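J.: Pasting structure.txt below, which is compact mmCIF, C-alpha atoms and all ligand atoms.
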```txt
# COMPACT_ATOMS: atom_id res chain seq x y z
CA ALA A 1 0.00 0.00 0.00
CA THR A 2 1.16 3.52 -0.77
CA PRO A 3 0.17 5.70 2.13
CA MET A 4 -1.14 9.17 1.41
CA SER A 5 1.77 10.63 3.33
CA VAL A 6 4.29 9.20 0.86
CA MET A 7 2.45 10.96 -1.95
CA VAL A 8 2.55 14.17 0.05
CA GLY A 9 6.26 13.69 0.71
CA VAL A 10 6.98 13.00 -2.96
CA GLY A 11 5.10 16.19 -3.85
CA LYS A 12 6.95 18.21 -1.24
CA ALA A 13 10.28 16.88 -2.51
CA ALA A 14 9.34 17.84 -6.08
CA GLU A 15 8.85 21.42 -4.89
CA HIS A 16 12.50 21.32 -3.79
CA GLY A 17 13.66 19.99 -7.18
CA ILE A 18 13.97 16.44 -5.86
CA LEU A 19 12.33 13.91 -8.15
CA ILE A 20 11.53 10.64 -6.40
CA ARG A 21 10.92 7.76 -8.80
CA GLN A 22 10.47 5.09 -6.15
CA GLY A 23 8.30 5.92 -3.13
CA GLU A 24 10.28 3.44 -1.07
CA ALA A 25 13.42 5.56 -1.46
CA LEU A 26 11.67 8.39 0.36
CA GLN A 27 11.12 6.11 3.35
CA THR A 28 14.67 4.71 3.28
CA SER A 29 16.28 8.16 3.10
CA SER A 30 15.68 8.90 6.78
CA THR A 31 17.67 5.79 7.75
CA LEU A 32 20.86 6.62 5.83
CA ASP A 33 24.09 6.80 7.81
CA THR A 34 26.70 6.94 5.03
CA ILE A 35 26.81 9.15 1.94
CA VAL A 36 29.16 8.25 -0.91
CA LEU A 37 29.76 11.15 -3.30
CA ASP A 38 31.29 10.89 -6.75
CA LYS A 39 33.87 13.63 -7.39
CA THR A 40 33.64 14.85 -10.97
CA GLY A 41 30.29 16.40 -11.80
CA THR A 42 28.87 15.66 -8.35
CA ILE A 43 31.06 17.53 -5.85
CA THR A 44 32.68 19.53 -8.66
CA GLU A 45 31.01 21.44 -11.47
CA GLY A 46 31.98 18.78 -13.97
CA LYS A 47 33.26 21.50 -16.28
CA PRO A 48 37.00 21.09 -16.03
CA ALA A 49 39.40 23.31 -17.95
CA VAL A 50 42.94 22.80 -19.22
CA THR A 51 45.43 24.44 -16.87
CA ASP A 52 48.81 23.18 -18.11
CA ILE A 53 50.46 21.43 -21.02
CA VAL A 54 53.79 19.74 -20.33
CA CYS A 55 55.72 18.65 -23.44
CA ALA A 56 58.29 15.92 -23.98
CA ASP A 57 61.48 16.97 -25.79
CA GLY A 58 60.76 17.91 -29.38
CA GLN A 59 57.03 18.38 -28.80
CA GLN A 60 55.03 21.58 -28.91
CA GLU A 61 52.04 22.63 -26.84
CA THR A 62 49.81 23.06 -29.84
CA SER A 63 50.62 19.68 -31.36
CA VAL A 64 50.10 17.90 -28.01
CA LEU A 65 46.76 19.66 -27.57
CA GLN A 66 45.73 19.10 -31.18
CA LEU A 67 46.39 15.35 -30.95
CA ALA A 68 44.63 15.11 -27.59
CA ALA A 69 41.57 16.94 -28.89
CA SER A 70 41.45 14.80 -32.03
CA LEU A 71 41.42 11.71 -29.77
CA GLU A 72 38.73 13.08 -27.45
CA ARG A 73 36.31 14.06 -30.21
CA GLY A 74 34.28 10.89 -29.71
CA SER A 75 34.15 11.07 -25.91
CA GLU A 76 31.48 12.59 -23.70
CA HIS A 77 33.65 12.62 -20.60
CA PRO A 78 34.00 16.00 -18.81
CA LEU A 79 37.77 15.72 -19.27
CA ALA A 80 37.22 15.44 -23.03
CA MET A 81 35.10 18.59 -22.99
CA ALA A 82 37.95 20.48 -21.29
CA ILE A 83 40.41 19.46 -23.97
CA LEU A 84 38.00 20.12 -26.85
CA ASN A 85 37.15 23.58 -25.44
CA GLU A 86 40.81 24.52 -25.14
CA ALA A 87 41.50 23.38 -28.71
CA ALA A 88 38.48 25.36 -29.95
CA GLN A 89 39.66 28.47 -28.12
CA ARG A 90 43.04 28.16 -29.80
CA GLN A 91 41.25 27.53 -33.11
CA LEU A 92 43.09 24.29 -33.75
CA SER A 93 41.71 22.13 -36.54
CA LEU A 94 41.31 18.50 -35.53
CA GLU A 95 42.31 15.33 -37.34
CA SER A 96 39.83 12.61 -38.04
CA ALA A 97 40.38 9.53 -35.94
CA SER A 98 39.74 5.89 -36.72
CA GLN A 99 39.42 2.92 -34.37
CA PHE A 100 38.30 5.23 -31.58
CA GLN A 101 37.67 3.61 -28.21
CA ALA A 102 36.73 5.19 -24.88
CA LEU A 103 37.80 2.99 -21.99
CA ASN A 104 35.94 3.63 -18.75
CA GLY A 105 38.22 4.83 -15.98
CA LYS A 106 41.26 4.75 -18.27
CA GLY A 107 41.03 7.14 -21.19
CA VAL A 108 40.71 7.13 -24.97
CA THR A 109 42.62 5.52 -27.80
CA ALA A 110 42.46 6.00 -31.57
CA THR A 111 44.50 5.97 -34.74
CA LEU A 112 45.41 9.31 -36.34
CA ALA A 113 47.19 9.33 -39.71
CA GLY A 114 48.10 5.67 -39.27
CA LYS A 115 49.61 6.03 -35.79
CA ALA A 116 48.12 4.68 -32.56
CA TYR A 117 47.68 7.19 -29.75
CA ARG A 118 46.44 6.99 -26.19
CA LEU A 119 45.30 9.70 -23.82
CA GLY A 120 44.48 8.78 -20.26
CA ASN A 121 45.76 8.13 -16.80
CA ARG A 122 49.20 7.04 -15.80
CA ARG A 123 48.23 3.60 -14.54
CA TRP A 124 46.62 2.68 -17.86
CA LEU A 125 49.46 3.99 -20.04
CA GLU A 126 52.05 2.23 -17.87
CA SER A 127 50.09 -1.00 -18.15
CA GLU A 128 50.26 -0.56 -21.95
CA GLY A 129 54.04 -0.27 -21.79
CA VAL A 130 54.45 3.51 -21.98
CA SER A 131 57.23 4.78 -19.74
CA ILE A 132 56.37 7.99 -17.96
CA THR A 133 59.33 10.28 -18.49
CA LEU A 134 57.73 13.56 -17.39
CA ASP A 135 56.88 14.81 -13.89
CA SER A 136 53.18 15.30 -13.14
CA GLN A 137 53.53 16.23 -9.48
CA PRO A 138 53.32 20.01 -10.00
CA LEU A 139 49.90 19.38 -11.54
CA THR A 140 48.56 16.98 -8.92
CA ASP A 141 49.76 19.21 -6.06
CA LYS A 142 47.25 21.82 -7.13
CA GLY A 143 44.41 19.35 -7.60
CA ALA A 144 44.60 19.09 -11.39
CA THR A 145 44.15 15.72 -13.08
CA PRO A 146 47.09 14.82 -15.33
CA LEU A 147 46.25 13.19 -18.67
CA PHE A 148 49.11 11.45 -20.40
CA LEU A 149 49.41 11.42 -24.20
CA SER A 150 51.37 8.68 -25.93
CA GLU A 151 52.16 7.63 -29.48
CA GLY A 152 52.93 3.93 -29.38
CA ASN A 153 55.14 3.50 -26.32
CA THR A 154 56.43 7.06 -26.33
CA LEU A 155 55.11 9.75 -24.01
CA LEU A 156 54.50 13.00 -25.90
CA GLY A 157 53.15 15.17 -23.11
CA ILE A 158 50.89 15.70 -20.12
CA ILE A 159 47.77 17.85 -20.08
CA GLY A 160 46.61 19.13 -16.69
CA VAL A 161 42.87 19.55 -16.30
CA ALA A 162 41.22 21.08 -13.24
CA ASP A 163 37.65 21.46 -12.11
CA ARG A 164 36.23 23.71 -9.38
CA ILE A 165 33.88 22.52 -6.70
CA LYS A 166 30.25 23.66 -6.90
CA ASP A 167 29.60 26.82 -4.87
CA ASP A 168 27.42 25.03 -2.34
CA SER A 169 29.14 21.63 -2.13
CA ARG A 170 31.12 22.55 0.96
CA ALA A 171 28.06 23.87 2.83
CA ALA A 172 25.92 20.88 1.84
CA ILE A 173 28.63 18.44 2.93
CA ALA A 174 29.00 20.28 6.25
CA ARG A 175 25.23 19.88 6.76
CA LEU A 176 25.47 16.11 6.20
CA LYS A 177 28.44 15.80 8.55
CA ASP A 178 26.65 17.89 11.21
CA ALA A 179 23.74 15.46 10.96
CA GLY A 180 26.18 12.73 12.02
CA LEU A 181 26.55 11.10 8.61
CA THR A 182 29.77 9.60 7.31
CA VAL A 183 30.64 11.35 4.04
CA ILE A 184 33.00 9.61 1.60
CA MET A 185 34.27 10.83 -1.79
CA ILE A 186 34.73 8.15 -4.45
CA THR A 187 36.55 8.71 -7.73
CA GLY A 188 38.45 7.13 -10.55
CA ASP A 189 40.91 9.99 -10.29
CA ILE A 190 44.28 9.56 -8.63
CA GLU A 191 44.78 9.97 -4.89
CA ALA A 192 46.79 13.23 -4.99
CA SER A 193 44.30 15.15 -7.15
CA ALA A 194 41.35 13.64 -5.28
CA ARG A 195 42.75 14.67 -1.86
CA ALA A 196 43.17 18.26 -3.01
CA ILE A 197 39.51 18.44 -4.07
CA ALA A 198 38.30 16.59 -0.94
CA LYS A 199 40.09 19.12 1.23
CA GLN A 200 38.36 22.02 -0.53
CA ALA A 201 34.99 20.29 -0.14
CA GLY A 202 35.49 19.35 3.53
CA VAL A 203 35.40 15.61 2.91
CA ASP A 204 37.69 13.58 5.16
CA GLU A 205 37.40 10.12 3.63
CA VAL A 206 38.53 9.47 0.06
CA MET A 207 38.38 6.36 -2.10
CA ALA A 208 40.59 7.13 -5.13
CA GLU A 209 41.57 5.23 -8.29
CA VAL A 210 38.39 3.21 -8.09
CA LEU A 211 37.62 1.65 -11.47
CA PRO A 212 34.05 2.23 -12.69
CA GLU A 213 33.08 -1.42 -12.18
CA ASP A 214 34.41 -1.29 -8.62
CA LYS A 215 32.35 1.65 -7.39
CA ALA A 216 29.36 -0.64 -6.77
CA LYS A 217 31.61 -3.10 -4.93
CA LYS A 218 32.76 -0.33 -2.59
CA VAL A 219 29.13 0.53 -1.84
CA LEU A 220 28.36 -3.15 -1.21
CA ALA A 221 31.34 -3.46 1.16
CA LEU A 222 29.99 -0.53 3.21
CA GLN A 223 26.56 -2.18 3.32
CA GLN A 224 28.18 -5.41 4.50
CA GLU A 225 29.61 -3.42 7.42
CA GLY A 226 25.98 -2.81 8.37
CA ARG A 227 25.73 0.69 6.99
CA THR A 228 22.77 2.18 5.13
CA VAL A 229 24.36 3.85 2.15
CA ALA A 230 23.42 6.59 -0.30
CA MET A 231 25.37 6.99 -3.52
CA VAL A 232 25.32 10.34 -5.31
CA GLY A 233 26.64 10.46 -8.87
CA ASP A 234 26.23 11.75 -12.39
CA GLY A 235 28.18 9.52 -14.74
CA ILE A 236 27.68 6.30 -16.68
CA ASN A 237 30.40 4.90 -14.45
CA ASP A 238 28.30 5.67 -11.36
CA ALA A 239 25.21 3.79 -12.57
CA PRO A 240 25.93 0.36 -10.99
CA ALA A 241 26.79 2.01 -7.66
CA LEU A 242 23.61 4.11 -7.80
CA ALA A 243 21.62 0.90 -8.29
CA GLN A 244 23.51 -0.93 -5.52
CA ALA A 245 23.06 1.80 -2.90
CA ASP A 246 20.14 1.79 -0.46
CA VAL A 247 19.23 5.11 -2.06
CA GLY A 248 20.77 6.33 -5.33
CA PHE A 249 20.76 10.07 -6.02
CA ALA A 250 21.48 11.12 -9.61
CA ILE A 251 22.60 14.62 -10.49
CA GLY A 252 19.90 15.98 -12.82
CA THR A 253 22.42 17.45 -15.24
CA GLY A 254 24.18 14.09 -15.42
CA THR A 255 23.91 11.24 -17.88
CA ASP A 256 20.61 9.49 -18.65
CA VAL A 257 22.07 6.17 -17.52
CA ALA A 258 22.78 7.57 -14.07
CA ILE A 259 19.29 9.06 -13.81
CA GLU A 260 17.67 5.77 -14.82
CA SER A 261 19.72 3.86 -12.25
CA ALA A 262 18.87 6.12 -9.33
CA ALA A 263 15.70 6.24 -7.26
CA ILE A 264 16.00 9.99 -6.79
CA THR A 265 17.12 12.78 -9.14
CA LEU A 266 18.45 16.09 -7.84
CA MET A 267 17.27 18.44 -10.57
CA GLY A 268 19.46 21.44 -9.81
CA GLY A 269 22.47 19.27 -9.04
CA SER A 270 22.98 20.75 -5.57
CA LEU A 271 24.11 18.37 -2.83
CA HIS A 272 21.76 20.20 -0.46
CA GLY A 273 19.12 18.00 -2.11
CA VAL A 274 20.45 14.97 -0.21
CA ALA A 275 19.95 16.61 3.18
CA ASP A 276 16.59 18.04 2.04
CA ALA A 277 15.42 14.58 0.93
CA MET A 278 16.43 13.13 4.29
CA ALA A 279 14.49 15.82 6.16
CA ILE A 280 11.37 15.26 4.04
CA SER A 281 11.82 11.53 4.55
CA THR A 282 11.93 11.92 8.33
CA ALA A 283 8.74 14.00 8.29
CA THR A 284 7.05 11.47 6.00
CA VAL A 285 8.01 8.44 8.08
CA ARG A 286 6.70 10.18 11.20
CA ASN A 287 3.34 10.66 9.50
CA ILE A 288 3.14 7.00 8.51
CA LYS A 289 3.63 5.81 12.06
P1 LIG B 1 35.36 10.09 -11.97
O1 LIG B 1 35.11 8.99 -10.97
O2 LIG B 1 36.12 11.21 -11.35
O3 LIG B 1 34.08 10.56 -12.65
P2 LIG B 1 36.24 8.38 -14.19
O4 LIG B 1 36.09 7.02 -13.59
O5 LIG B 1 35.25 8.76 -15.24
O6 LIG B 1 36.36 9.51 -13.06
O7 LIG B 1 37.69 8.50 -14.83
C1 LIG B 1 38.81 8.15 -14.06
C2 LIG B 1 40.06 8.54 -14.75
O8 LIG B 1 40.15 7.87 -16.02
C3 LIG B 1 40.15 10.02 -15.08
O9 LIG B 1 40.64 10.77 -14.00
C4 LIG B 1 41.14 9.98 -16.26
O10 LIG B 1 42.45 9.86 -15.78
C5 LIG B 1 40.76 8.71 -16.99
N1 LIG B 1 39.78 8.98 -18.07
C6 LIG B 1 38.49 8.58 -18.13
N2 LIG B 1 37.91 9.01 -19.27
C7 LIG B 1 38.83 9.74 -19.94
C8 LIG B 1 38.85 10.47 -21.17
N3 LIG B 1 37.80 10.55 -21.97
N4 LIG B 1 40.01 11.07 -21.52
C9 LIG B 1 41.10 11.00 -20.74
N5 LIG B 1 41.14 10.34 -19.56
C10 LIG B 1 40.04 9.71 -19.16
MG MG B 2 31.24 11.94 -12.20
```
Write the structure described by the file as structure tokens, please.
Ligand code: ADP
Ligand code: MG
T.:
Amino acid sequence: ATPMSVMVGVGKAAEHGILIRQGEALQTSSTLDTIVLDKTGTITEGKPAVTDIVCADGQQETSVLQLAASLERGSEHPLAMAILNEAAQRQLSLESASQFQALNGKGVTATLAGKAYRLGNRRWLESEGVSITLDSQPLTDKGATPLFLSEGNTLLGIIGVADRIKDDSRAAIARLKDAGLTVIMITGDIEASARAIAKQAGVDEVMAEVLPEDKAKKVLALQQEGRTVAMVGDGINDAPALAQADVGFAIGTGTDVAIESAAITLMGGSLHGVADAMAISTATVRNIK
């Protein structure tokens, strides 16, 4: 049976820009004790920009950026948008790529003018036999994500991409922590960059370098500790974790896959929606009893 009060609660949530697809999620929300937040596009704006281009000997900034943008043309990842925007601003013309592949949590690969290129994170390129001959620490120290560009086994350069946190993420996270909840940031990004963002957002616990398929496993492990867990995310890579969580919150500006996998959608994308949903849930559950 769907009590009248759940319908009232769902309506009240909608007024706050919180779309509840499953009435049950409204009742579960008041029992949450752990909130897992994706980094890119959830805590941050999801609109990263290129901050630095580091070149290997013999390479030039424009050629590194032009190759990277040509590779990213087929990707919808926020990091790809940053690189494509920078190339557009510099009015670089892009090459057409063949054999394009986007690899979740790793990066992109394609063939340009008969040569195989990769652009992605260090761990992936190293696993493909590329030796990392340039220093990325100046980039990670400031919270930028380093993307490594290779041709075959040769590193051509590093592009630093940085994203700012949403204006109200810190306040919303403080509200959740004040309510006694454990707040954890989860990301495929590397530890150093993730820590810098977590610090800005006021998050103490970080799970970094989590592959997309492992995000759901991390949520399950928390549940197996006896916790009641919310997952908040926006990306395709968050979808399994959103489905695994006791309550999944999708960012309304995120991907359709995330929205379909989550019980609740936060239309404006503000993390205040999580605390708001919990408050409405508490009021609703009281009325049911
Ligand atoms: P997040 O959890 O922050 O949303 P992802 O799991 O989507 O991150 O990506 C993790 C890492 O994989 C990125 O930080 C980046 O290093 C690499 N990566 C993923 N997609 C791309 C892409 N299109 N281009 C370059 N690197 C990528
Ligand atoms: Mg994301």
J.: Restricting the calculation to all atoms listed in the file: of A:Ala230, A:Ala194, A:Ile264, A:Leu65, which residue gets closest to ligand LIG 1 (chain B)?
T.: A:Ala194
J.: Report as a VMD selection string all protein, DNA and RNA residues lying within 10 Å of range 42-49 of chain A, evaluated on only C-alpha atoms, omitting residues in the same chain fewer than 4 positions from it.
T.: chain A and resid 37 to 38 77 to 86 144 to 145 160 to 170 172 to 173 185 197 to 198 201 203 232 to 235 250 to 251 253 to 254 269 to 271
J.: Taking only C-alpha atoms into account, which of A:Ser30, A:Lys12, A:Gln59, A:Ala110 comes nearest Val285 in chain A?
T.: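 Under the stated criterion, the closest residue is A:Ser30.
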J.: Can you tell me which residues come within 8 Å of ligand LIG 1 (chain B) when counting only C-alpha atoms and all ligand atoms, ideally as a count of residues only?
T.: 38
J.: If we count all atoms listed in the file and set the cut-off at 7 Å, which residues sit around Thr182 in chain A, ignoring sequence neighbours fewer than 4 positions away in its own chain? Please answer as a ChimeraX atom specification.
T.: /A:33-35,177
J.: Quick one, how far is CA of Ala241 in chain A from CA of Ile184 in chain A?
T.: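 These two atoms are separated by 13.5 Å.
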J.: Find the residue from A:Leu71, A:Ala221, A:Leu181, A:Val130 that sits nearest to Thr111 in chain A; use all atoms listed in the file when measuring.
T.: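 The answer is A:Leu71, which sits nearest to Thr111 in chain A.
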